[in-house]
Each structure stands twice: as C-alpha cells, then as structure tokens.
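Structure file query_12.tsv; described as TSV, C-alpha atoms.
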```tsv
chain	number	residue	atom	x	y	z
A	1	MET	CA	44.52	-221.03	-43.21
A	2	SER	CA	42.07	-223.20	-41.31
A	3	THR	CA	43.01	-225.38	-38.37
A	4	PRO	CA	44.03	-228.84	-39.62
A	5	THR	CA	41.36	-231.44	-38.82
A	6	MET	CA	40.74	-235.08	-39.63
A	7	THR	CA	38.30	-234.09	-42.39
A	8	THR	CA	39.84	-230.93	-43.85
A	9	ARG	CA	43.59	-230.55	-44.04
A	10	PRO	CA	45.70	-228.04	-45.92
A	11	THR	CA	47.86	-229.41	-48.71
A	12	ILE	CA	51.62	-229.30	-48.43
A	13	GLU	CA	51.58	-226.36	-50.86
A	14	GLU	CA	49.21	-224.48	-48.53
A	15	TYR	CA	51.42	-225.17	-45.53
A	16	LEU	CA	54.44	-223.88	-47.46
A	17	ALA	CA	52.51	-220.81	-48.62
A	18	ASN	CA	51.51	-220.07	-45.02
A	19	MET	CA	55.14	-220.28	-43.95
A	20	GLY	CA	56.00	-217.90	-46.78
A	21	ALA	CA	53.28	-215.43	-45.77
A	22	GLY	CA	54.42	-215.56	-42.16
A	23	GLY	CA	58.04	-215.00	-43.12
A	24	ALA	CA	57.13	-212.07	-45.35
A	25	ARG	CA	55.14	-210.39	-42.57
A	26	ILE	CA	57.96	-210.85	-40.06
A	27	CYS	CA	60.25	-209.03	-42.48
A	28	GLU	CA	57.68	-206.29	-43.18
A	29	ILE	CA	57.70	-205.34	-39.49
A	30	ASP	CA	61.52	-205.34	-39.47
A	31	ALA	CA	61.65	-208.35	-37.15
A	32	SER	CA	64.13	-210.36	-39.20
A	33	GLU	CA	67.27	-208.78	-40.52
A	34	ALA	CA	69.15	-210.72	-43.23
A	35	GLY	CA	69.07	-214.44	-42.33
A	36	ALA	CA	67.75	-213.94	-38.78
A	37	GLY	CA	64.49	-215.57	-37.73
A	38	ASN	CA	63.19	-219.04	-38.42
A	39	ILE	CA	59.90	-220.93	-38.77
A	40	SER	CA	58.75	-224.51	-38.32
A	41	ILE	CA	55.53	-226.47	-38.29
A	42	CYS	CA	54.78	-229.97	-37.04
A	43	VAL	CA	51.97	-232.10	-38.49
A	44	ASP	CA	50.83	-235.61	-37.70
A	45	GLU	CA	50.68	-236.51	-41.39
A	46	LEU	CA	51.72	-234.77	-44.60
A	47	PRO	CA	50.67	-236.40	-47.88
A	48	ARG	CA	52.93	-235.95	-50.90
A	49	VAL	CA	55.89	-234.75	-48.85
A	50	ARG	CA	58.27	-237.05	-50.75
A	51	GLU	CA	56.94	-235.77	-54.05
A	52	VAL	CA	57.74	-232.16	-53.11
A	53	PHE	CA	61.00	-232.99	-51.28
A	54	PRO	CA	62.45	-236.04	-53.11
A	55	ILE	CA	66.04	-236.05	-51.80
A	56	SER	CA	66.52	-238.12	-48.64
A	57	GLU	CA	69.25	-238.27	-46.01
A	58	ARG	CA	69.52	-239.62	-42.48
A	59	ILE	CA	70.06	-237.25	-39.53
A	60	GLN	CA	70.23	-237.43	-35.76
A	61	LEU	CA	67.94	-235.00	-34.01
A	62	PRO	CA	69.55	-232.37	-31.75
A	63	LEU	CA	67.57	-233.80	-28.82
A	64	PRO	CA	65.22	-236.76	-28.28
A	65	ALA	CA	61.67	-236.03	-29.45
A	66	HIS	CA	59.76	-239.20	-28.57
A	67	ASN	CA	56.38	-237.47	-28.73
A	68	LEU	CA	56.98	-236.63	-32.39
A	69	ALA	CA	57.63	-240.18	-33.59
A	70	GLY	CA	56.11	-240.59	-37.05
A	71	ARG	CA	55.33	-236.87	-37.41
A	72	THR	CA	56.67	-234.51	-40.03
A	73	LEU	CA	58.21	-231.08	-39.47
A	74	LEU	CA	58.76	-228.40	-42.08
A	75	VAL	CA	61.72	-226.28	-40.97
A	76	THR	CA	63.54	-223.30	-42.46
A	77	GLY	CA	67.20	-223.71	-43.36
A	78	SER	CA	70.03	-221.86	-41.66
A	79	GLY	CA	70.79	-218.49	-43.23
A	80	ARG	CA	67.64	-218.41	-45.37
A	81	ARG	CA	66.02	-214.99	-45.45
A	82	LEU	CA	62.41	-215.24	-44.30
A	83	ARG	CA	61.38	-212.74	-46.98
A	84	GLN	CA	62.54	-215.23	-49.64
A	85	ILE	CA	60.47	-218.21	-48.50
A	86	SER	CA	57.42	-217.20	-50.51
A	87	GLU	CA	59.50	-216.86	-53.69
A	88	ASP	CA	60.78	-220.44	-53.60
A	89	PRO	CA	59.71	-222.27	-50.42
A	90	VAL	CA	61.27	-225.63	-51.27
A	91	ALA	CA	64.68	-223.96	-51.59
A	92	ALA	CA	64.44	-222.57	-48.06
A	93	ILE	CA	62.69	-225.39	-46.18
A	94	GLY	CA	63.45	-229.00	-45.29
A	95	ALA	CA	61.04	-231.73	-44.22
A	96	VAL	CA	62.00	-233.89	-41.23
A	97	ILE	CA	60.18	-237.18	-40.59
A	98	VAL	CA	60.90	-238.36	-37.04
A	99	ASP	CA	61.76	-242.04	-36.61
A	100	ALA	CA	59.93	-244.33	-34.21
A	101	ASP	CA	62.85	-244.06	-31.77
A	102	GLY	CA	62.37	-240.27	-31.51
A	103	VAL	CA	66.13	-239.83	-31.83
A	104	HIS	CA	66.81	-240.15	-35.54
A	105	ALA	CA	64.96	-238.82	-38.57
A	106	GLU	CA	64.83	-238.71	-42.33
A	107	MET	CA	65.42	-235.26	-43.76
A	108	LEU	CA	63.88	-234.60	-47.15
A	109	THR	CA	64.91	-231.70	-49.34
A	110	SER	CA	64.39	-230.35	-52.83
A	111	PRO	CA	66.94	-230.34	-55.67
A	112	ARG	CA	66.70	-226.54	-55.30
A	113	ARG	CA	67.86	-226.71	-51.66
A	114	ALA	CA	69.75	-223.49	-50.83
A	115	PHE	CA	70.97	-224.22	-47.29
A	116	GLU	CA	73.59	-226.49	-45.77
A	117	LYS	CA	71.75	-227.36	-42.56
A	118	LEU	CA	68.53	-226.57	-40.73
A	119	THR	CA	68.21	-223.46	-38.59
A	120	SER	CA	70.61	-223.19	-35.66
A	121	GLU	CA	67.55	-222.80	-33.41
A	122	PHE	CA	66.19	-226.21	-34.47
A	123	ASN	CA	66.70	-227.55	-30.95
A	124	SER	CA	64.39	-224.90	-29.49
A	125	HIS	CA	61.77	-225.51	-32.19
A	126	LEU	CA	61.98	-229.28	-31.70
A	127	GLY	CA	61.77	-229.00	-27.93
A	128	VAL	CA	58.62	-226.84	-28.06
A	129	HIS	CA	56.91	-229.08	-30.63
A	130	ASP	CA	57.74	-232.21	-28.64
A	131	ASP	CA	56.48	-230.69	-25.39
A	132	GLN	CA	53.25	-229.26	-26.81
A	133	VAL	CA	52.38	-232.36	-28.85
A	134	GLY	CA	53.18	-234.62	-25.91
A	135	ARG	CA	50.99	-232.63	-23.55
A	136	ARG	CA	48.06	-231.97	-25.88
A	137	ASN	CA	48.32	-234.45	-28.78
A	138	LEU	CA	48.06	-231.67	-31.35
A	139	PRO	CA	47.62	-232.54	-35.04
A	140	PHE	CA	49.29	-229.24	-35.98
A	141	HIS	CA	51.68	-226.85	-34.26
A	142	ALA	CA	53.63	-223.83	-35.52
A	143	VAL	CA	56.65	-222.09	-34.01
A	144	VAL	CA	58.16	-218.75	-35.12
A	145	HIS	CA	61.39	-217.12	-33.96
A	146	ALA	CA	61.70	-213.42	-34.78
A	147	GLN	CA	63.78	-210.44	-33.70
A	148	PRO	CA	61.34	-207.51	-33.31
A	149	PRO	CA	63.45	-204.41	-32.63
A	150	HIS	CA	61.31	-202.49	-30.12
A	151	LEU	CA	60.58	-205.52	-27.93
A	152	THR	CA	64.23	-206.51	-28.05
A	153	HIS	CA	65.32	-202.96	-27.20
A	154	LEU	CA	63.05	-202.83	-24.15
A	155	SER	CA	64.59	-206.09	-22.92
A	156	HIS	CA	67.96	-204.32	-22.82
A	157	ILE	CA	66.53	-202.03	-20.13
A	158	PRO	CA	66.64	-203.83	-16.76
A	159	ALA	CA	63.46	-202.14	-15.51
A	160	TYR	CA	61.41	-203.87	-18.23
A	161	ARG	CA	63.01	-207.30	-17.89
A	162	SER	CA	60.27	-209.10	-15.94
A	163	ASP	CA	56.88	-210.53	-16.83
A	164	ARG	CA	55.03	-207.91	-14.79
A	165	ALA	CA	56.95	-204.89	-16.06
A	166	MET	CA	56.91	-205.94	-19.72
A	167	ASN	CA	53.22	-206.83	-19.82
A	168	THR	CA	52.22	-203.66	-17.97
A	169	ALA	CA	54.19	-201.70	-20.58
A	170	ILE	CA	53.00	-203.33	-23.81
A	171	LEU	CA	49.36	-204.19	-23.04
A	172	ARG	CA	48.33	-200.61	-22.24
A	173	TRP	CA	48.52	-198.99	-25.66
A	174	GLU	CA	45.80	-200.64	-27.76
A	175	PRO	CA	42.39	-202.04	-26.72
A	176	GLU	CA	43.05	-205.07	-28.95
A	177	SER	CA	46.17	-206.06	-27.02
A	178	ILE	CA	44.44	-207.63	-24.00
A	179	VAL	CA	42.27	-209.64	-26.40
A	180	ALA	CA	45.05	-210.79	-28.75
A	181	LEU	CA	47.62	-211.35	-25.99
A	182	SER	CA	45.42	-212.29	-23.06
A	183	GLN	CA	48.13	-214.55	-21.62
A	184	GLY	CA	50.70	-211.82	-22.11
A	185	ILE	CA	54.33	-212.36	-22.97
A	186	GLY	CA	56.84	-214.32	-20.90
A	187	VAL	CA	60.29	-212.81	-20.36
A	188	LEU	CA	63.52	-214.78	-20.16
A	189	GLU	CA	66.89	-213.44	-19.11
A	190	PHE	CA	69.64	-213.46	-21.74
A	191	MET	CA	70.94	-216.91	-22.63
A	192	VAL	CA	73.31	-217.94	-25.41
A	193	PRO	CA	71.38	-218.50	-28.67
A	194	GLY	CA	71.00	-222.17	-29.50
A	195	SER	CA	72.14	-223.28	-26.04
A	196	PRO	CA	70.52	-226.10	-24.04
A	197	GLN	CA	69.81	-223.57	-21.27
A	198	LEU	CA	67.78	-221.36	-23.61
A	199	MET	CA	65.99	-224.38	-25.08
A	200	ASP	CA	64.92	-225.70	-21.66
A	201	ALA	CA	63.79	-222.32	-20.36
A	202	ASN	CA	61.94	-221.55	-23.59
A	203	VAL	CA	60.05	-224.86	-23.55
A	204	ALA	CA	58.99	-224.29	-19.95
A	205	ARG	CA	57.77	-220.73	-20.49
A	206	LEU	CA	55.86	-221.61	-23.66
A	207	ARG	CA	53.71	-223.88	-21.51
A	208	GLU	CA	52.46	-220.71	-19.79
A	209	PHE	CA	52.57	-218.27	-22.70
A	210	GLU	CA	52.05	-218.30	-26.45
A	211	ILE	CA	54.92	-215.86	-26.97
A	212	VAL	CA	58.18	-215.57	-25.03
A	213	LEU	CA	60.78	-212.80	-25.19
A	214	TRP	CA	64.40	-213.91	-25.19
A	215	SER	CA	66.02	-210.86	-23.59
A	216	LYS	CA	68.53	-209.04	-25.79
A	217	HIS	CA	67.75	-211.42	-28.67
A	218	GLY	CA	64.17	-211.83	-29.92
A	219	THR	CA	60.95	-213.79	-29.49
A	220	MET	CA	59.54	-217.26	-29.97
A	221	SER	CA	55.80	-217.65	-30.48
A	222	ARG	CA	53.59	-220.65	-31.13
A	223	SER	CA	50.14	-221.43	-32.50
A	224	ASP	CA	47.84	-224.44	-32.87
A	225	VAL	CA	46.21	-222.75	-35.88
A	226	SER	CA	48.76	-221.43	-38.37
A	227	VAL	CA	52.14	-219.79	-38.84
A	228	THR	CA	50.44	-216.46	-39.46
A	229	ARG	CA	48.62	-216.69	-36.13
A	230	ALA	CA	51.98	-217.12	-34.39
A	231	VAL	CA	53.24	-214.11	-36.34
A	232	ASP	CA	50.20	-212.09	-35.24
A	233	ARG	CA	51.35	-212.51	-31.64
A	234	VAL	CA	54.75	-211.08	-32.52
A	235	GLU	CA	53.09	-208.16	-34.31
A	236	TYR	CA	50.76	-207.27	-31.44
A	237	ALA	CA	53.57	-207.47	-28.88
A	238	GLU	CA	55.95	-205.48	-31.07
A	239	THR	CA	53.33	-202.78	-31.68
A	240	GLY	CA	52.83	-202.37	-27.93
A	241	ALA	CA	56.61	-202.15	-27.48
A	242	LYS	CA	56.82	-199.52	-30.23
A	243	TYR	CA	54.21	-197.36	-28.46
A	244	GLU	CA	56.14	-197.77	-25.20
A	245	TYR	CA	59.38	-196.80	-26.94
A	246	MET	CA	57.75	-193.70	-28.45
A	247	ASN	CA	56.35	-192.77	-25.06
A	248	VAL	CA	59.80	-193.00	-23.49
A	249	LEU	CA	61.15	-190.70	-26.21
A	250	ALA	CA	58.28	-188.30	-25.55
A	251	GLY	CA	59.18	-188.07	-21.90
A	252	GLY	CA	56.51	-190.49	-20.66
A	253	LYS	CA	53.66	-188.07	-21.33
A	254	GLY	CA	51.19	-190.65	-22.69
A	255	GLU	CA	48.91	-192.23	-20.10
A	256	GLY	CA	47.95	-195.25	-22.18
A	257	LEU	CA	44.86	-197.26	-21.34
A	258	LEU	CA	44.09	-197.11	-17.63
A	259	PRO	CA	43.76	-200.43	-15.74
A	260	GLU	CA	39.99	-199.98	-15.48
A	261	GLU	CA	39.78	-199.34	-19.24
A	262	ILE	CA	41.73	-202.51	-20.01
A	263	ARG	CA	39.46	-204.45	-17.66
A	264	ALA	CA	36.37	-203.01	-19.36
A	265	VAL	CA	37.65	-204.25	-22.74
A	266	ALA	CA	38.42	-207.67	-21.28
A	267	ASP	CA	34.96	-207.90	-19.72
A	268	ALA	CA	33.30	-206.91	-23.00
A	269	PHE	CA	35.08	-209.70	-24.86
A	270	GLY	CA	34.95	-212.31	-22.10
A	271	ILE	CA	38.71	-212.32	-21.64
A	272	GLN	CA	40.42	-213.84	-18.61
A	273	SER	CA	43.97	-212.62	-18.08
A	274	PRO	CA	46.55	-212.60	-15.29
A	275	TRP	CA	47.42	-209.04	-16.31
A	276	LEU	CA	44.13	-207.45	-15.28
A	277	SER	CA	44.81	-205.39	-12.19
```
Please render this file's structure as structure tokens.
Amino acid sequence: MSTPTMTTRPTIEEYLANMGAGGARICEIDASEAGAGNISICVDELPRVREVFPISERIQLPLPAHNLAGRTLLVTGSGRRLRQISEDPVAAIGAVIVDADGVHAEMLTSPRRAFEKLTSEFNSHLGVHDDQVGRRNLPFHAVVHAQPPHLTHLSHIPAYRSDRAMNTAILRWEPESIVALSQGIGVLEFMVPGSPQLMDANVARLREFEIVLWSKHGTMSRSDVSVTRAVDRVEYAETGAKYEYMNVLAGGKGEGLLPEEIRAVADAFGIQSPWLS
C-alpha cells in the first residue's frame, strides 16, 4: 500500500485490507495467540467512513488526544483474533472520529460488530498516534501490538533486557537486519498491560525507535507508510530473536555477523545506526 498523500489516498476498503493483511502475517509468525495483539491506524481524513460503519455512539477517549482533533482512527476490537480481520474487517474494527476538544469522540461501527469495546491497549495506541502526529503532522500513522514468542522469551532473561544487549543479539544474524532495523529495538522493563505507566514509557521510547519491546509481554511497532510495514519490523526483530534462541540451544557455537561485517553492510546501503560498533 502506498503512503497516503494529498493526491493519491487509499480507499477505506484498502486501509481495512491492509489491516487484515498485517493481522494475518502477525498470526502466521505465531505472534498473536487467540485474541492477543491489536492494530490501529490514524488518518487525517477518511471518505465514506460513515457508509462502511453506519452505527454511531459517543465515547470518552482513555486520554486526551488534542493533536488528533478531527482525525479518524480505525482500531481493532477487544478479543478479536487478528487472523479473522481479513475475513470480515468491519466485524473486528471500529472507527473513532476525535472531537475538536480532543477528549471525546464518535465511535462508528458496523451492524456486524463482533466486539463489546475497543482493544484494551487503546490508550497506548492513542498516546503514540497523538504524540507522533503532534510532533510531525503525519497524514497517516499505523501502530501494531504483537506478542512474538522468541523476542518475548529473550526479554525474560535479565542479561538481554537492555537496549544494548538486545540489539547486539538480534542484529547479528542476517545482513538485512541492520538495514530494516537501523534504529534497532527499544527495550522496556515489565509494566502492567494497559497501565498508564506502560503507555507513557511506550510513547517516549517510540520517539527514538520504530519498534519497542515490552519485556515479558510483546512489542509495539509503528509506521508512517502502512500496517504491513509496521509488521515487517516485528518480523525482522522476531527472526533475529529466533536465531539467537537457536544459538543459545546450540551452546552458543554460532558467531553471527561480526561487527565489521555489519558495518560493511551498513556502509554499502548508506545506513546510519547507533548499533554500529
């Protein structure tokens, strides 16, 4: 899906299809068991949203989002399986149009709505969208929460639970990694899911990174391009973690890419990264 612009914008059906494709891929890499994981996008305008989601109700946002006034978010419902979005996206997704006060909103849903409320992580999604749009005036922004098993497992091991240790571990197994994840992955300590503490820390770290690991829980990634681009970041990071996991099981016998080899790849592709040592 192309980056939304003033001249060429995806239709609402294309946005929904992209959310479905992203959800399916998250499930294919085992990063979303049952109803875990959630997806949202924020756009500055969305024609025909009331046609696709005709049922209206008033809601109060879980936190003020003044930078999103007048914008529309498409958000997955609580308990919806990401693998099912593509089958019937309007049953799994709600549209939220933020009021001018940035505190209240209109939530639009379909007659086929299959959820009671929006994802329990809506506060973290909303906080990231509000922060990124406010700082960069983006016309489009996507956020994906997933639970990739190898990344999450590594975060249970204290020795990996820092930016330096995690990025050293996961960026050394594929030449593509330093290109696809040049900023690396930010690591947060464990915080209660859905809590204000997690929301605040997540917003702050996603200013530095495009993917953040919530220790002992999962990841949140973002993209200015598409849902699937945010999912790509999860997939690259999870693949690196899987190699690291296999290497641990093999007794640490794999050397991985050497620092000079990673730097050579970065130089060849013009990549600047804080993880080049």
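Atom pair atom CA of Gly134 of chain A / atom CA of Leu74 of chain A has a distance of 18.2 Å (rounded to one decimal).
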Just want the 8 Å neighbourhood of segment 36-48 of chain A, counted on all atoms listed in the file, with same-chain residues fewer than 2 positions away dropped. Output as a VMD selection string. chain A and resid 11 to 12 19 23 31 to 34 50 to 52 70 to 77 79 to 82 119 121 125 129 138 to 147 227
Quick one: pull the distance between atom CA of Ala204 of chain A and atom CA of Arg164 of chain A, Å, one decimal. 17.6 Å
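Across the model, the gap from atom CA of Val187 of chain A to atom CA of Ser215 of chain A is 6.9 Å.
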Could you list as a ChimeraX atom specification every residue that has an atom within 12 Å of (57.6, -247.3, -36.2), using the file's coordinates and counting all atoms listed in the file? /A:66,68-71,97-102,104-105
Output file for the selection above: C-alpha atoms, as a compact mmCIF listing (two decimals), in the frame of the given file:
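The new file part.txt reads:
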```txt
# COMPACT_ATOMS: atom_id res chain seq x y z
CA HIS A 66 59.76 -239.20 -28.57
CA LEU A 68 56.98 -236.63 -32.39
CA ALA A 69 57.63 -240.18 -33.59
CA GLY A 70 56.11 -240.59 -37.05
CA ARG A 71 55.33 -236.87 -37.41
CA ILE A 97 60.18 -237.18 -40.59
CA VAL A 98 60.90 -238.36 -37.04
CA ASP A 99 61.76 -242.04 -36.61
CA ALA A 100 59.93 -244.33 -34.21
CA ASP A 101 62.85 -244.06 -31.77
CA GLY A 102 62.37 -240.27 -31.51
CA HIS A 104 66.81 -240.15 -35.54
CA ALA A 105 64.96 -238.82 -38.57
```
Among A:Glu87, A:Glu174, A:Asp131, A:Glu189, Gly20 of chain A is approached most closely, using only C-alpha atoms, by A:Glu87
Please identify all polymer residues within 10 Å of His156 of chain A, counting all atoms listed in the file, omitting same-chain residues fewer than 5 positions from it, and present them as a list in words. Leu151, Arg161, Glu189, Phe190, Ser215, Lys216 and His217 of chain A
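Restricting the calculation to all atoms listed in the file, the smallest distance between Val179 of chain A and any of A:Ser195, A:Asn137, A:Asn247, A:Gln272 is found for A:Gln272.
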Mind checking which residues fall within 12 Å of Ala169 of chain A, counting all atoms listed in the file, ignoring those fewer than 6 positions away in the same chain, and posting them as number ranges by chain? A: 150-151, 154-155, 159-163, 177-178, 184-185, 237-248, 252, 254-259, 275
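Closest to Ala180 of chain A among A:Ser273, A:Gln60, A:Thr109, A:Gln84 is A:Ser273, based on all atoms listed in the file.
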Report as a list in words all protein, DNA and RNA residues lying within 10 Å of Gly22 of chain A, evaluated on all atoms listed in the file, omitting residues in the same chain fewer than 5 positions from it. Leu16, Ala17, Cys27, Glu28, Ile39, Leu82, Arg83, Ile85, Ser86, Val144, Ser226, Val227, Thr228, Arg229, Ala230, Val231 and Asp232 of chain A
Take the selection from the previous step and output its residues with C-alpha atoms, as a PDB file, in the frame of the given file.
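Output (result15.pdb):
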```pdb
ATOM      1  CA  LEU A  16      54.440-223.880 -47.460  1.00  0.00           C
ATOM      2  CA  ALA A  17      52.510-220.810 -48.620  1.00  0.00           C
ATOM      3  CA  CYS A  27      60.250-209.030 -42.480  1.00  0.00           C
ATOM      4  CA  GLU A  28      57.680-206.290 -43.180  1.00  0.00           C
ATOM      5  CA  ILE A  39      59.900-220.930 -38.770  1.00  0.00           C
ATOM      6  CA  LEU A  82      62.410-215.240 -44.300  1.00  0.00           C
ATOM      7  CA  ARG A  83      61.380-212.740 -46.980  1.00  0.00           C
ATOM      8  CA  ILE A  85      60.470-218.210 -48.500  1.00  0.00           C
ATOM      9  CA  SER A  86      57.420-217.200 -50.510  1.00  0.00           C
ATOM     10  CA  VAL A 144      58.160-218.750 -35.120  1.00  0.00           C
ATOM     11  CA  SER A 226      48.760-221.430 -38.370  1.00  0.00           C
ATOM     12  CA  VAL A 227      52.140-219.790 -38.840  1.00  0.00           C
ATOM     13  CA  THR A 228      50.440-216.460 -39.460  1.00  0.00           C
ATOM     14  CA  ARG A 229      48.620-216.690 -36.130  1.00  0.00           C
ATOM     15  CA  ALA A 230      51.980-217.120 -34.390  1.00  0.00           C
ATOM     16  CA  VAL A 231      53.240-214.110 -36.340  1.00  0.00           C
ATOM     17  CA  ASP A 232      50.200-212.090 -35.240  1.00  0.00           C
TER      18      ASP A 232
END
```
